[in-house]
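Trainee: Structure supplied as input36.txt; contents: compact mmCIF, C-alpha atoms.
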# COMPACT_ATOMS: atom_id res chain seq x y z
CA MET A 1 -19.04 20.10 -62.14
CA PRO A 2 -16.25 17.79 -60.94
CA SER A 3 -17.05 15.05 -58.47
CA GLN A 4 -15.92 15.24 -54.85
CA SER A 5 -13.38 12.47 -55.44
CA LYS A 6 -12.02 14.39 -58.42
CA LEU A 7 -11.62 17.50 -56.29
CA LEU A 8 -9.91 15.48 -53.56
CA GLY A 9 -7.66 13.88 -56.14
CA ASP A 10 -6.73 17.23 -57.59
CA LEU A 11 -5.95 18.61 -54.18
CA ILE A 12 -3.77 15.72 -53.15
CA SER A 13 -2.10 15.53 -56.53
CA ALA A 14 -1.34 19.21 -56.26
CA ALA A 15 0.47 18.40 -53.03
CA GLY A 16 2.48 15.85 -54.97
CA ALA A 17 1.86 13.15 -52.39
CA VAL A 18 -0.58 10.64 -53.80
CA SER A 19 -2.89 9.91 -56.67
CA VAL A 20 -6.57 9.05 -56.67
CA SER A 21 -8.37 6.64 -58.95
CA GLY A 22 -12.12 7.04 -58.67
CA SER A 23 -12.70 7.36 -54.93
CA ASN A 24 -9.66 5.28 -53.89
CA LEU A 25 -6.16 6.24 -52.89
CA VAL A 26 -3.95 4.10 -55.09
CA ALA A 27 -0.46 4.96 -53.98
CA ASN A 28 1.07 4.32 -50.59
CA THR A 29 2.73 7.67 -50.52
CA VAL A 30 0.44 9.98 -48.55
CA ALA A 31 2.62 12.64 -47.00
CA ASN A 32 2.67 12.93 -43.23
CA SER A 33 1.51 16.51 -43.59
CA ALA A 34 -1.73 15.29 -45.10
CA PHE A 35 -2.90 13.92 -41.78
CA GLN A 36 -4.09 15.98 -38.87
CA THR A 37 -2.56 14.94 -35.57
CA GLY A 38 -4.58 12.09 -34.13
CA SER A 39 -6.67 11.59 -37.27
CA VAL A 40 -5.51 8.02 -37.86
CA GLU A 41 -5.88 7.10 -34.20
CA ASN A 42 -9.34 8.65 -34.11
CA TYR A 43 -10.39 6.77 -37.22
CA LEU A 44 -9.15 3.44 -35.87
CA SER A 45 -10.83 4.11 -32.54
CA ALA A 46 -14.11 5.07 -34.18
CA GLN A 47 -14.03 1.84 -36.15
CA ASN A 48 -13.08 -0.18 -33.05
CA LEU A 49 -9.94 -1.27 -34.85
CA GLY A 50 -7.09 -2.19 -32.56
CA PHE A 51 -3.44 -1.51 -33.03
CA ALA A 52 -1.48 -3.38 -30.49
CA LEU A 53 0.87 -2.84 -27.59
CA ARG A 54 0.12 0.83 -27.08
CA ASN A 55 -0.89 0.60 -23.44
CA ARG A 56 1.95 0.98 -20.93
CA ILE A 57 -0.37 -0.19 -18.14
CA ILE A 58 -0.30 -3.92 -17.42
CA ASN A 59 -3.62 -5.41 -16.33
CA GLY A 60 -5.43 -2.22 -17.31
CA ASP A 61 -8.67 -4.16 -17.74
CA ILE A 62 -8.29 -5.85 -14.33
CA ARG A 63 -8.38 -9.40 -15.63
CA ILE A 64 -5.48 -10.72 -13.57
CA ASP A 65 -5.72 -11.34 -9.82
CA GLN A 66 -3.11 -13.99 -9.07
CA ARG A 67 -2.83 -13.20 -5.36
CA ASN A 68 -6.47 -13.27 -4.33
CA ALA A 69 -8.41 -14.84 -7.20
CA GLY A 70 -11.27 -12.38 -6.88
CA ALA A 71 -11.54 -12.39 -3.09
CA SER A 72 -11.97 -9.17 -1.13
CA SER A 73 -9.01 -7.82 0.85
CA THR A 74 -8.79 -5.14 3.49
CA VAL A 75 -6.05 -2.82 2.33
CA VAL A 76 -2.76 -3.00 4.24
CA ASP A 77 -0.38 -0.12 3.62
CA GLY A 78 2.13 -0.79 0.83
CA THR A 79 0.58 -4.03 -0.45
CA TYR A 80 -0.17 -5.40 -3.91
CA TYR A 81 -3.61 -6.94 -4.50
CA LEU A 82 -4.79 -7.14 -8.12
CA ASP A 83 -1.75 -7.63 -10.30
CA ARG A 84 0.45 -4.54 -10.72
CA TYR A 85 -1.64 -2.33 -8.42
CA LYS A 86 -0.02 -1.35 -5.12
CA PHE A 87 -2.23 0.07 -2.41
CA TYR A 88 -1.55 2.52 0.38
CA SER A 89 -3.55 3.35 3.49
CA SER A 90 -2.22 5.59 6.25
CA GLN A 91 -4.83 4.17 8.64
CA ALA A 92 -5.55 0.48 9.05
CA SER A 93 -8.80 -1.24 8.05
CA LYS A 94 -10.44 1.66 6.24
CA TYR A 95 -11.22 0.22 2.80
CA THR A 96 -11.25 -2.97 0.80
CA VAL A 97 -10.24 -3.83 -2.74
CA GLN A 98 -11.69 -6.60 -4.86
CA GLN A 99 -11.97 -7.63 -8.47
CA ASN A 100 -15.59 -6.95 -9.48
CA ALA A 101 -16.66 -5.76 -6.03
CA GLY A 102 -20.38 -5.15 -5.86
CA SER A 103 -21.01 -7.14 -9.05
CA VAL A 104 -22.13 -4.22 -11.20
CA THR A 105 -22.11 -4.44 -14.98
CA PRO A 106 -18.74 -3.26 -16.35
CA PRO A 107 -18.58 -0.78 -19.22
CA ALA A 108 -19.26 -2.23 -22.67
CA GLY A 109 -16.33 -4.26 -23.88
CA PHE A 110 -14.99 -5.05 -20.41
CA SER A 111 -15.53 -8.05 -18.19
CA ASN A 112 -13.78 -6.91 -15.03
CA TYR A 113 -13.12 -3.87 -12.90
CA MET A 114 -11.35 -3.07 -9.64
CA GLY A 115 -13.67 -2.07 -6.81
CA LEU A 116 -12.73 -0.08 -3.71
CA THR A 117 -15.21 0.07 -0.83
CA VAL A 118 -14.95 2.21 2.28
CA THR A 119 -15.51 0.03 5.35
CA SER A 120 -14.76 2.57 8.07
CA ALA A 121 -15.18 6.27 7.45
CA VAL A 122 -12.46 8.89 7.87
CA SER A 123 -14.68 11.94 8.04
CA SER A 124 -11.81 14.38 8.36
CA LEU A 125 -8.44 13.64 6.79
CA GLY A 126 -5.32 14.39 8.79
CA SER A 127 -2.68 16.41 6.98
CA THR A 128 -0.48 13.33 6.50
CA ASP A 129 -3.23 10.85 5.71
CA TYR A 130 -3.02 9.05 2.38
CA PHE A 131 -5.39 6.60 0.71
CA GLU A 132 -4.39 5.72 -2.84
CA PHE A 133 -3.07 3.08 -5.17
CA LEU A 134 -0.18 3.17 -7.60
CA HIS A 135 0.69 1.44 -10.85
CA ILE A 136 4.46 1.55 -11.22
CA ILE A 137 5.64 1.15 -14.81
CA GLU A 138 9.10 -0.34 -15.28
CA GLY A 139 11.58 2.08 -16.82
CA TYR A 140 12.29 -0.17 -19.80
CA ASN A 141 8.64 0.18 -20.84
CA VAL A 142 8.61 3.97 -20.96
CA ALA A 143 12.14 4.69 -22.20
CA ASP A 144 10.83 5.88 -25.58
CA LEU A 145 8.79 8.64 -23.95
CA ASP A 146 12.00 10.62 -23.34
CA PHE A 147 10.85 12.04 -20.02
CA GLY A 148 13.51 14.28 -18.51
CA LYS A 149 14.69 15.35 -21.97
CA SER A 150 13.79 18.23 -24.27
CA THR A 151 12.25 15.64 -26.57
CA ALA A 152 9.76 14.38 -23.96
CA LYS A 153 6.62 12.96 -25.54
CA THR A 154 3.04 13.86 -24.72
CA ILE A 155 1.12 11.05 -23.01
CA THR A 156 -2.58 10.37 -22.67
CA LEU A 157 -4.28 8.59 -19.79
CA SER A 158 -7.74 7.13 -20.20
CA PHE A 159 -9.98 5.04 -17.97
CA TRP A 160 -13.53 4.15 -17.04
CA ILE A 161 -14.61 5.25 -13.57
CA ARG A 162 -17.71 4.87 -11.43
CA SER A 163 -18.35 5.98 -7.86
CA SER A 164 -21.19 6.39 -5.42
CA VAL A 165 -19.70 9.75 -4.46
CA THR A 166 -19.57 12.48 -7.09
CA GLY A 167 -16.90 15.15 -7.06
CA THR A 168 -13.46 16.00 -8.34
CA TYR A 169 -10.81 13.38 -7.66
CA GLY A 170 -7.06 13.61 -8.00
CA GLY A 171 -4.19 11.47 -9.18
CA VAL A 172 -0.55 11.74 -10.14
CA ILE A 173 2.07 10.92 -12.74
CA LYS A 174 5.48 10.93 -11.04
CA ASN A 175 9.07 9.75 -11.26
CA SER A 176 10.82 7.13 -9.15
CA ASP A 177 11.55 9.28 -6.11
CA GLY A 178 8.60 11.65 -6.39
CA THR A 179 10.76 14.68 -7.10
CA ARG A 180 8.85 15.28 -10.33
CA GLY A 181 5.10 14.96 -10.42
CA TYR A 182 2.03 16.09 -12.34
CA ILE A 183 -1.26 16.15 -10.48
CA PHE A 184 -4.30 15.53 -12.65
CA THR A 185 -7.97 15.78 -11.76
CA TYR A 186 -11.16 14.34 -13.15
CA ALA A 187 -14.78 14.87 -12.25
CA ILE A 188 -17.31 12.16 -11.48
CA SER A 189 -20.55 13.82 -12.45
CA SER A 190 -23.19 11.15 -11.88
CA ALA A 191 -23.28 8.73 -8.95
CA ASN A 192 -23.07 5.02 -9.72
CA THR A 193 -22.61 5.56 -13.45
CA TRP A 194 -19.64 4.53 -15.57
CA GLU A 195 -17.91 7.57 -17.05
CA TYR A 196 -15.01 7.60 -19.53
CA LYS A 197 -12.17 10.00 -18.77
CA THR A 198 -9.21 11.10 -20.85
CA ILE A 199 -6.32 13.25 -19.67
CA THR A 200 -3.49 14.44 -21.91
CA ILE A 201 -0.24 15.56 -20.33
CA ALA A 202 2.78 17.16 -21.99
CA GLY A 203 5.85 15.07 -21.15
CA ASP A 204 8.19 16.32 -18.45
CA THR A 205 11.39 17.81 -19.84
CA SER A 206 13.09 17.99 -16.44
CA GLY A 207 14.11 15.71 -13.63
CA THR A 208 15.43 12.16 -13.56
CA TRP A 209 13.24 9.45 -15.07
CA LEU A 210 14.59 5.91 -14.95
CA THR A 211 14.72 3.88 -18.16
CA THR A 212 16.05 0.73 -16.49
CA ASN A 213 14.32 -2.11 -14.63
CA GLY A 214 13.56 0.35 -11.83
CA LYS A 215 10.56 2.64 -11.41
CA GLY A 216 10.01 4.46 -14.70
CA ILE A 217 6.68 6.29 -14.51
CA THR A 218 4.29 5.87 -11.60
CA LEU A 219 0.57 6.43 -12.08
CA GLY A 220 -1.43 7.05 -8.92
CA PHE A 221 -5.14 7.39 -8.13
CA SER A 222 -6.11 8.99 -4.84
CA ILE A 223 -9.37 8.46 -2.98
CA GLY A 224 -8.37 10.60 0.01
CA MET A 225 -5.24 12.65 0.52
CA GLY A 226 -4.11 14.90 3.36
CA SER A 227 -3.02 18.46 2.75
CA SER A 228 0.67 17.63 3.13
CA TYR A 229 0.49 15.49 -0.01
CA SER A 230 -1.84 17.73 -2.03
CA THR A 231 -1.07 20.63 -4.33
CA THR A 232 -2.11 22.62 -7.37
CA PRO A 233 -2.95 20.40 -10.36
CA ASN A 234 -2.08 20.50 -14.06
CA VAL A 235 1.54 21.55 -13.80
CA TRP A 236 4.79 19.66 -13.35
CA GLN A 237 6.02 20.27 -9.82
CA THR A 238 8.54 19.11 -7.24
CA THR A 239 6.41 18.99 -4.09
CA GLY A 240 6.12 15.22 -3.81
CA ALA A 241 2.33 15.55 -3.74
CA ASP A 242 0.07 12.77 -5.01
CA SER A 243 -3.27 14.57 -5.33
CA ALA A 244 -4.96 17.91 -5.82
CA THR A 245 -5.78 20.35 -3.07
CA GLY A 246 -9.48 20.12 -2.30
CA ALA A 247 -10.02 16.79 -4.06
CA THR A 248 -12.95 14.65 -2.97
CA ASN A 249 -12.43 12.41 0.05
CA LEU A 250 -14.15 9.10 -0.69
CA LEU A 251 -13.23 7.90 2.80
CA ALA A 252 -15.64 10.43 4.31
CA THR A 253 -18.55 8.14 3.49
CA ASN A 254 -18.80 4.71 5.03
CA GLY A 255 -19.88 2.21 2.37
CA ALA A 256 -18.82 4.46 -0.50
CA THR A 257 -17.67 2.67 -3.65
CA TRP A 258 -15.17 3.59 -6.35
CA TYR A 259 -14.68 1.34 -9.38
CA ILE A 260 -12.20 1.57 -12.26
CA THR A 261 -11.30 -0.35 -15.42
CA GLY A 262 -9.87 0.19 -18.88
CA VAL A 263 -6.84 2.01 -17.54
CA GLN A 264 -4.60 3.01 -20.42
CA LEU A 265 -1.50 5.19 -20.62
CA GLU A 266 -0.16 5.75 -24.12
CA LYS A 267 2.12 7.94 -26.14
CA GLY A 268 0.48 10.79 -28.00
CA SER A 269 -2.30 13.26 -27.47
CA THR A 270 -5.17 10.97 -28.42
CA ALA A 271 -6.89 8.43 -26.22
CA THR A 272 -7.31 5.43 -28.47
CA SER A 273 -9.58 2.46 -27.94
CA PHE A 274 -8.48 0.09 -25.19
CA ASP A 275 -5.51 -2.06 -26.14
CA TYR A 276 -6.91 -5.55 -25.60
CA ARG A 277 -4.23 -8.19 -25.30
CA PRO A 278 -4.65 -11.98 -25.19
CA PHE A 279 -5.15 -13.31 -21.67
CA GLY A 280 -1.97 -15.37 -21.84
CA THR A 281 0.02 -12.35 -22.95
CA GLU A 282 -1.35 -10.19 -20.14
CA LEU A 283 -0.68 -12.92 -17.58
CA ARG A 284 2.91 -13.26 -18.73
CA LEU A 285 3.39 -9.50 -18.53
CA CYS A 286 2.19 -9.64 -14.91
CA GLN A 287 4.43 -12.61 -14.14
CA ARG A 288 7.58 -10.64 -14.83
CA TYR A 289 6.80 -8.98 -11.49
CA TYR A 290 4.91 -11.64 -9.54
CA PHE A 291 3.69 -15.11 -10.15
CA LYS A 292 1.76 -17.50 -8.00
CA ASP A 293 1.94 -21.13 -9.07
CA VAL A 294 -1.28 -22.79 -7.88
CA PRO A 295 -1.59 -26.27 -9.41
CA THR A 296 -4.94 -26.87 -7.65
CA ASN A 297 -4.83 -30.63 -8.15
CA ASN A 298 -3.53 -33.01 -5.51
CA TYR A 299 -0.08 -34.47 -6.21
CA ALA A 300 0.57 -31.99 -8.99
CA SER A 301 4.26 -31.25 -9.54
CA PHE A 302 6.01 -27.90 -9.27
CA ALA A 303 9.63 -28.81 -10.02
CA MET A 304 12.47 -31.31 -9.51
CA GLY A 305 15.56 -31.29 -7.34
CA SER A 306 17.69 -33.39 -5.03
CA ALA A 307 18.32 -33.91 -1.35
CA TYR A 308 21.28 -31.85 -0.15
CA SER A 309 21.20 -33.76 3.14
CA ALA A 310 18.79 -35.67 5.33
CA THR A 311 17.18 -32.38 6.36
CA ILE A 312 17.51 -30.05 3.34
CA ALA A 313 16.02 -30.49 -0.12
CA GLN A 314 17.05 -28.25 -3.01
CA ILE A 315 14.54 -27.61 -5.79
CA VAL A 316 15.44 -26.03 -9.13
CA TYR A 317 12.40 -23.88 -9.76
CA PRO A 318 12.07 -22.44 -13.30
CA HIS A 319 10.42 -19.04 -13.61
CA LYS A 320 7.43 -18.52 -15.90
CA VAL A 321 9.19 -15.61 -17.61
CA THR A 322 12.41 -13.72 -17.08
CA MET A 323 11.68 -11.75 -13.95
CA ARG A 324 12.38 -8.07 -13.42
CA THR A 325 15.31 -8.84 -11.14
CA ALA A 326 17.29 -11.87 -10.04
CA SER A 327 16.40 -11.16 -6.42
CA PRO A 328 12.85 -12.35 -5.71
CA THR A 329 10.98 -12.91 -2.50
CA VAL A 330 9.97 -16.58 -2.52
CA THR A 331 6.97 -17.89 -0.61
CA VAL A 332 5.61 -21.43 -0.36
CA ALA A 333 2.48 -22.78 1.31
CA SER A 334 1.46 -26.35 2.10
CA VAL A 335 3.91 -27.88 -0.37
CA ALA A 336 5.50 -31.33 -0.16
CA VAL A 337 8.92 -32.73 -1.02
CA GLN A 338 8.90 -36.34 -2.08
CA SER A 339 11.55 -38.90 -3.05
CA ALA A 340 11.16 -42.51 -4.06
CA THR A 341 11.21 -43.58 -0.44
CA THR A 342 10.03 -40.73 1.76
CA SER A 343 8.21 -37.41 1.85
CA THR A 344 7.76 -34.32 3.97
CA THR A 345 4.43 -32.54 3.62
CA GLY A 346 2.88 -29.29 4.81
CA ILE A 347 5.95 -27.11 4.21
CA SER A 348 5.16 -23.39 4.42
CA THR A 349 8.58 -21.94 5.22
CA VAL A 350 11.50 -21.51 2.86
CA ALA A 351 14.92 -22.39 4.27
CA GLY A 352 16.97 -20.58 1.64
CA THR A 353 17.12 -19.41 -1.96
CA TYR A 354 19.78 -18.97 -4.65
CA PRO A 355 18.01 -16.99 -7.36
CA GLY A 356 18.69 -16.02 -10.93
CA PRO A 357 16.46 -14.20 -13.43
CA ASN A 358 15.16 -17.40 -15.02
CA SER A 359 15.20 -19.91 -12.18
CA THR A 360 15.64 -20.08 -8.44
CA LEU A 361 17.15 -22.84 -6.32
CA ILE A 362 14.77 -23.17 -3.37
CA GLU A 363 15.83 -24.92 -0.17
CA LEU A 364 13.20 -26.51 2.03
CA ALA A 365 13.56 -28.20 5.40
CA VAL A 366 12.69 -31.93 5.28
CA SER A 367 13.39 -34.99 7.38
CA GLY A 368 14.58 -38.53 6.71
CA PHE A 369 15.90 -37.99 3.18
CA THR A 370 19.04 -39.52 1.68
CA ALA A 371 21.58 -37.03 0.35
CA ARG A 372 21.81 -36.77 -3.47
CA ASN A 373 18.57 -38.68 -4.01
CA ALA A 374 16.25 -37.14 -6.58
CA VAL A 375 13.21 -35.35 -5.16
CA TRP A 376 10.26 -33.44 -6.54
CA LEU A 377 8.21 -30.61 -5.17
CA ASN A 378 4.46 -31.18 -5.34
CA THR A 379 1.13 -30.39 -3.75
CA ALA A 380 0.61 -33.81 -2.07
CA ALA A 381 -2.95 -33.85 -0.73
CA SER A 382 -3.05 -30.04 -0.38
CA GLY A 383 -3.93 -29.20 -3.96
CA ALA A 384 -6.46 -26.60 -2.89
CA SER A 385 -4.02 -24.57 -0.82
CA ALA A 386 -0.48 -25.38 -1.97
CA PHE A 387 1.40 -22.73 -3.93
CA VAL A 388 4.79 -21.30 -4.77
CA SER A 389 5.09 -17.58 -5.44
CA LEU A 390 7.94 -15.34 -6.57
CA ASP A 391 7.81 -11.58 -6.20
CA THR A 392 10.00 -8.96 -7.88
CA GLU A 393 7.47 -6.12 -7.79
CA LEU A 394 8.55 -2.54 -7.90
CA MET B 1 5.48 -7.19 15.01
CA GLU B 2 7.45 -8.52 12.07
CA ASN B 3 10.55 -10.62 12.75
CA TYR B 4 13.27 -12.04 10.54
CA LYS B 5 15.82 -14.85 10.61
CA LEU B 6 19.24 -15.02 8.98
CA THR B 7 20.35 -17.91 6.75
CA ILE B 8 23.63 -19.51 5.76
CA ASN B 9 24.96 -20.09 2.26
CA ARG B 10 25.47 -23.83 1.84
CA PHE B 11 27.75 -23.24 -1.13
CA GLY B 12 30.02 -20.90 0.82
CA GLY B 13 30.22 -17.13 0.57
CA GLU B 14 27.76 -14.56 1.78
CA PRO B 15 24.15 -15.44 2.64
CA THR B 16 21.75 -14.85 -0.22
CA CYS B 17 18.49 -14.39 1.66
CA ILE B 18 16.78 -13.75 4.98
CA ILE B 19 13.57 -15.37 6.19
CA ARG B 20 10.48 -13.31 7.06
CA LEU B 21 8.99 -15.28 9.93
CA SER B 22 5.40 -14.07 9.54
CA ASP B 23 4.93 -15.97 6.28
CA GLY B 24 8.12 -18.03 5.93
CA ALA B 25 9.17 -16.14 2.80
CA ALA B 26 12.79 -16.02 1.67
CA ILE B 27 13.78 -12.45 0.84
CA SER B 28 16.75 -11.99 -1.48
CA ILE B 29 19.49 -9.81 -0.10
CA SER B 30 19.38 -7.08 -2.72
CA LEU B 31 18.43 -3.43 -2.74
CA GLU B 32 16.32 -4.20 -5.81
CA ASN B 33 13.98 -6.19 -3.55
CA THR B 34 11.39 -3.99 -1.85
CA ASP B 35 10.95 -6.55 0.95
CA TYR B 36 14.67 -6.34 1.67
CA GLN B 37 14.37 -2.55 1.74
CA ALA B 38 11.66 -3.00 4.40
CA TYR B 39 13.97 -5.33 6.32
CA LEU B 40 16.74 -2.71 6.31
CA LYS B 41 14.32 -0.14 7.75
CA TRP B 42 13.35 -2.68 10.41
CA VAL B 43 17.02 -3.10 11.35
CA GLU B 44 17.57 0.66 11.30
CA ALA B 45 14.74 0.95 13.80
CA GLY B 46 16.89 -0.98 16.25
CA ASN B 47 15.62 -4.53 15.69
CA THR B 48 17.80 -7.62 15.46
CA PRO B 49 17.03 -10.73 13.37
CA GLU B 50 17.22 -14.23 14.77
CA PRO B 51 20.50 -16.07 14.02
CA ALA B 52 20.74 -18.63 11.24
CA ASP B 53 20.34 -22.33 11.89
CA GLU B 54 23.63 -24.19 11.76
Show me this structure written as structure tokens.

Mentor:
Amino acid sequence: MPSQSKLLGDLISAAGAVSVSGSNLVANTVANSAFQTGSVENYLSAQNLGFALRNRIINGDIRIDQRNAGASSTVVDGTYYLDRYKFYSSQASKYTVQQNAGSVTPPAGFSNYMGLTVTSAVSSLGSTDYFEFLHIIEGYNVADLDFGKSTAKTITLSFWIRSSVTGTYGGVIKNSDGTRGYIFTYAISSANTWEYKTITIAGDTSGTWLTTNGKGITLGFSIGMGSSYSTTPNVWQTTGADSATGATNLLATNGATWYITGVQLEKGSTATSFDYRPFGTELRLCQRYYFKDVPTNNYASFAMGSAYSATIAQIVYPHKVTMRTASPTVTVASVAVQSATTSTTGISTVAGTYPGPNSTLIELAVSGFTARNAVWLNTAASGASAFVSLDTEL
Amino acid sequence: MENYKLTINRFGGEPTCIIRLSDGAAISISLENTDYQAYLKWVEAGNTPEPADE
């Protein structure tokens, strides 16, 4: 009776694709048809073997919080908190967002999560109420998915979720202007328990999907959505909705919590293991859209420049990475401009900017300087609070 | 309520940014900037920014 490896070898040899020596494949010529769809991905996932740069989500494991450094924030409509996540709230002061809110143990393999907490209940949603957050993926980073073409690729979303309120929640995959959208749902079965969810979606063959530095694909998670923005799930539609009709309203319960981490959106029909990237890599990916330079130490330098006049200093500020656009919003707080002979401290207003993609000339109001003298921008004695930030978020 | 202030271009030409007075941020004049888009809506609502310093 032939051995199993002999049988396998005979079968594969019969296909003319590869040869077997003992129990080992010895030629690097296995035909594509020999693999079931997803078999390689499943094997690598089962073995916890990574293969890199699959995840189109930046900060999917919620490591980066440049703006708030782990502090809790009450959500203001249309505002970014943890890097790359933009929050919406049709009513003010209804919920908070915080890295590692509630200090629960994250799922195995993760160190951080994003926690939403209801601080003022909305027991009955109005038809135009919306409570959600979006992750807007730049078009360049999804161009290969061919959305809007007959060759559109299937995508798979996966994430870890935990909530104090069980039920069926809704979310959306949509294009830049919301004229194409796919509502997905997922069930939270057990309260206060991490659950892993995977959702596979056939790519959209219609509509306009940007492949530029604009909004490519937007992923949204809803925690409460009015009827005007809710519709039937699991089909591509044009309603502009962001959630599913009848989805659970987390806002109905004061103190309710909703935590998420390990957010991954990838090409293909298989949810692979989370695409861990080095911290420095992830930070740089975030900084294409926003960076906050916080030296922390007193008298730490930001950048050099010169005095344009007695009252205006011009600082050439190099960006950390090439930013998404050459048109940032520039903010400073408690910074100082210093020359060999004088200084102006406590500057928290920008006087002007002349930006490019890789650096920005920042003008700051000063007093008593000599034109054309060299100056440098630093923290002075405000190391704990001084910062410079640039924002080109979508 | 939010308010804004215009700026001048010290190198000549058109201004390159406006100032958001609530936080002193300089917002690039570009439709690619979402803060500038918000400014345009603010103007469309009938508001007027403060003039630039000379």

Trainee: One decimal, in Å: what's the spacing between atom CA of A:Glu282 and atom CA of A:Tyr186?

Mentor: 27.3 Å

Trainee: Identify which of the residues A:Gly368, A:Pro357, A:Gly352, A:Gly178 lies closest to chain B, counting all atoms listed in the file when measuring atom-to-atom distances.

Mentor: A:Gly352

Trainee: Can you tell me which residues surround stretch 25-34 of chain B at a distance of at most 6 Å, considering only C-alpha atoms, apart from same-chain residues fewer than 2 positions away, and format the answer as a VMD selection string?

Mentor: (chain A and resid 327 to 331 350) or (chain B and resid 16 to 20 23 36 to 37)

Trainee: Can you measure atom CA of A:Gln338 to atom CA of A:Thr360 for me? One decimal in Å is fine.

Mentor: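 One can read the atom CA of A:Gln338 to atom CA of A:Thr360 distance as 18.7 Å.
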
Trainee: Would you pick out the contacts of A:Tyr229 at 10 Å or less, using all atoms listed in the file, so that residues sharing its chain but fewer than 6 positions from it are not included, and give the list as a PyMOL selection string?

Mentor: chain A and resi 127-130+239-245

Trainee: Select all residues from chain A having any atom no more than 10 Å from an atom of chain B (counting only C-alpha atoms, ignoring ligands), output as number ranges by chain.

Mentor: A: 213-214, 308, 324-333, 347-355, 362-363, 389-394

Trainee: Could you list, as a list in words, every residue within 7 Å of A:Ser306, counting only C-alpha atoms and ignoring same-chain residues fewer than 3 positions away?

Mentor: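 Here the qualifying residues turn out to be Ala313, Gln314, Ile315, Arg372, Asn373, Ala374 and Val375 of chain A.
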
Trainee: Looking at A:Ala381, A:Ile260, A:Ile217, A:Met225, which one is nearest to A:Thr105, with distances taken over all atoms listed in the file?

Mentor: A:Ile260

Trainee: Could you tell me how far atom CA of A:Gly115 sits from atom CA of A:Phe221, in Å to one decimal place?

Mentor: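 Taking atom CA of A:Phe221 as the start and atom CA of A:Gly115 as the end point, the length is 12.8 Å.
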
Trainee: Select, from A:Ile312, A:His135, A:Thr238, A:Phe159, the residue with the minimum atom-to-atom distance to A:Tyr182, counting only C-alpha atoms.

Mentor: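 For A:Tyr182, the nearest of the candidates is A:Thr238.
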